[in-house]
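Quick notes on the structure that follows.
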Amino acid sequence: MIASIIDTAGDDFLNTMFVLTVDDIRENAENNYESFGFIIPEDLLEKYIEKWINSVKTADSVKECMDVNRPLMNAKFCSAVRNYMRQLDKEKIAFIIDTTEDDFLNTMFVMKEEDINDNSRNTFECFGIVITDDLIQKYIKSWLGKVSCANSVKEYMNANRPSMDVSFRSVFRTYLRQLEKEEIGNFILRGDVDFVNKMFVMTEEDIQENAENKYEYFGIVIT
């Protein structure tokens with residue numbers, strides 16, 4: 001029965017009505033729903049995590065989605081989620097890159113395990129999918145597409161976790177430098193106004209590695 005509920009539950013129900021143990025159910029909680037909960041059996045934990053990750057992938061705000069997830073209050077569940085992400089194979093990671101929404105792509109990928117902070121005040125920073133070397137180009141291509149449509153390039157790029165890594169910034173600059181003339185033309189024609197305003201420069205010297213804003217670390221040179 002619980003397996004069927006996991007399969008058919010909507011995002012909010014999945015987030016708020018499942019718990020790891022009976023101790024996670026509070027009789028006198030401020031919110032009525034916290035007085036109840038379906039306990040996730042050990043043999044259904046991976047099924048729940050997979051369904052929940054798919055839910056987080058489509059969330060407008062990963063932070064808000066993860067902040068209200070009840071199972072994440074349990075250390076055992078947090079460990080299970082980290083292990084699940086760590087064991088994703090190349091094909092699954094590639095599929096997530098191809099199918100995820102803007103915020104998940106921006107905030108749930110990292111360059112290395114050390115970029116995952118177990119004690120962060122932001123729940124989402126306690127987790128992360130490591131981008132392998134053979135998928136970095138794929139990630140950058142997908143992410144650049146998201147950046148080109150962002151309402152605020154500054155806010156979107158400042159929130160990007162992989163770009164905190166020096167090696168990612170170097171690879172991304174090289175990627176922009178190697179864009180073909182036709183690709184640059186497409187970004188000019190189809191990119192959002194904010195992208196066109198902020199991501200194009202006249203020379204390489206206009207790109208500042210230590211700028212206050214991340215978008216100034218990068219630039220597409222207008223030929």
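Chain labels run A, B, ... following the order of the structure tokens; each chain numbers its residues from 1, and ligands are numbered from 1 in the order shown.
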
Checklist entry - Which neighbours of A:Met17 fall inside 10 Å, counting only C-alpha atoms, when residues of the same chain fewer than 6 positions from it are skipped, and could you give them as a ChimeraX atom specification? => result /A:9,25,33-39,69-71

Subject >> Contacts of A:Asn213 within 12 Å, only C-alpha atoms, excl. fewer than 6 positions in-chain, as a list in words >> reply: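 Close residues of A:Asn213: Val153, Lys154, Glu155, Tyr156, Met157, Asn158, Ala159, Asn160, Ser163, Met164, Lys198, Met199 and Ile207 of chain A.
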
Stretch 106-110 of chain A environment, 6 Å, only C-alpha atoms, sequence neighbours closer than 2 positions dropped, as a CSV table (one decimal) with N, CA, C and O atoms, in the first residue's frame:
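The file below, part.csv, is the result:
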chain,number,residue,atom,x,y,z
A,103,ASP,N,16.4,25.7,-11.4
A,103,ASP,CA,17.0,25.8,-10.1
A,103,ASP,C,17.7,24.6,-9.7
A,103,ASP,O,18.8,24.7,-9.0
A,104,PHE,N,17.2,23.4,-10.0
A,104,PHE,CA,17.9,22.1,-9.6
A,104,PHE,C,19.3,22.1,-10.3
A,104,PHE,O,20.3,21.7,-9.7
A,112,LYS,N,33.0,18.6,-6.8
A,112,LYS,CA,33.6,17.5,-6.1
A,112,LYS,C,32.9,17.3,-4.7
A,112,LYS,O,32.1,18.2,-4.3
A,128,GLY,N,24.5,17.0,-3.1
A,128,GLY,CA,25.0,17.4,-4.4
A,128,GLY,C,25.3,16.3,-5.3
A,128,GLY,O,25.8,15.2,-4.8
A,129,ILE,N,25.1,16.4,-6.6
A,129,ILE,CA,25.5,15.4,-7.6
A,129,ILE,C,26.8,15.9,-8.2
A,129,ILE,O,26.9,17.0,-8.7
A,130,VAL,N,27.8,15.1,-8.1
A,130,VAL,CA,29.2,15.5,-8.6
A,130,VAL,C,29.2,15.3,-10.1
A,130,VAL,O,28.8,14.3,-10.6
A,160,ASN,N,24.9,29.7,-8.5
A,160,ASN,CA,25.4,28.5,-9.1
A,160,ASN,C,26.5,27.9,-8.3
A,160,ASN,O,27.6,28.5,-8.1
A,161,ARG,N,26.4,26.7,-7.9
A,161,ARG,CA,27.4,26.0,-7.0
A,161,ARG,C,28.6,25.6,-7.8
A,161,ARG,O,29.7,25.8,-7.2
A,162,PRO,N,28.5,25.0,-8.9
A,162,PRO,CA,29.8,24.6,-9.6
A,162,PRO,C,30.7,25.7,-9.9
A,162,PRO,O,32.0,25.6,-9.9

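Restricting the calculation to only C-alpha atoms, the smallest distance between A:Asn117 and any of A:Glu46, A:Arg82, A:Asn74, A:Leu179 is found for A:Arg82.
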
**Request:** May I have all residues of stretch 37-178 of chain A that DSSP, computed from the backbone, assigns to helix (DSSP H, G or I), given as JSON, numbers by chain?
**Result:** {"A": [42, 43, 44, 45, 46, 47, 48, 49, 50, 51, 52, 53, 54, 55, 56, 57, 62, 63, 64, 65, 66, 67, 71, 72, 73, 75, 76, 77, 78, 79, 80, 81, 82, 83, 84, 85, 86, 90, 91, 92, 93, 94, 95, 96, 97, 98, 99, 102, 103, 104, 105, 106, 107, 113, 114, 115, 123, 124, 125, 126, 133, 134, 135, 136, 137, 138, 139, 140, 141, 142, 143, 144, 145, 146, 147, 148, 153, 154, 155, 156, 157, 158, 162, 163, 164, 166, 167, 168, 169, 170, 171, 172, 173, 174, 175, 176, 177]}

Tell me, as a PyMOL selection string, which residues lie within 9 Å of A:Asp98, counting only C-alpha atoms; anything in the same chain fewer than 4 positions away does not count.
chain A and resi 93-94+138-139+142

Would you export the selected residues with N, CA and C atoms as a PDB file, in the first residue's frame, please?
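The result, stored in result17.pdb:
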ATOM      1  N   ILE A  93      22.969  10.534 -14.475  1.00  0.00           N
ATOM      2  CA  ILE A  93      23.360  11.937 -14.282  1.00  0.00           C
ATOM      3  C   ILE A  93      23.106  12.723 -15.564  1.00  0.00           C
ATOM      4  N   ALA A  94      23.467  12.141 -16.701  1.00  0.00           N
ATOM      5  CA  ALA A  94      23.237  12.794 -17.994  1.00  0.00           C
ATOM      6  C   ALA A  94      21.751  13.045 -18.203  1.00  0.00           C
ATOM      7  N   LYS A 138      28.590  18.703 -21.173  1.00  0.00           N
ATOM      8  CA  LYS A 138      27.143  18.547 -21.264  1.00  0.00           C
ATOM      9  C   LYS A 138      26.458  19.456 -20.245  1.00  0.00           C
ATOM     10  N   TYR A 139      27.006  19.476 -19.029  1.00  0.00           N
ATOM     11  CA  TYR A 139      26.425  20.334 -17.994  1.00  0.00           C
ATOM     12  C   TYR A 139      26.506  21.804 -18.412  1.00  0.00           C
ATOM     13  N   SER A 142      23.978  22.767 -21.142  1.00  0.00           N
ATOM     14  CA  SER A 142      22.619  22.867 -20.610  1.00  0.00           C
ATOM     15  C   SER A 142      22.470  24.089 -19.711  1.00  0.00           C
TER      16      SER A 142
END
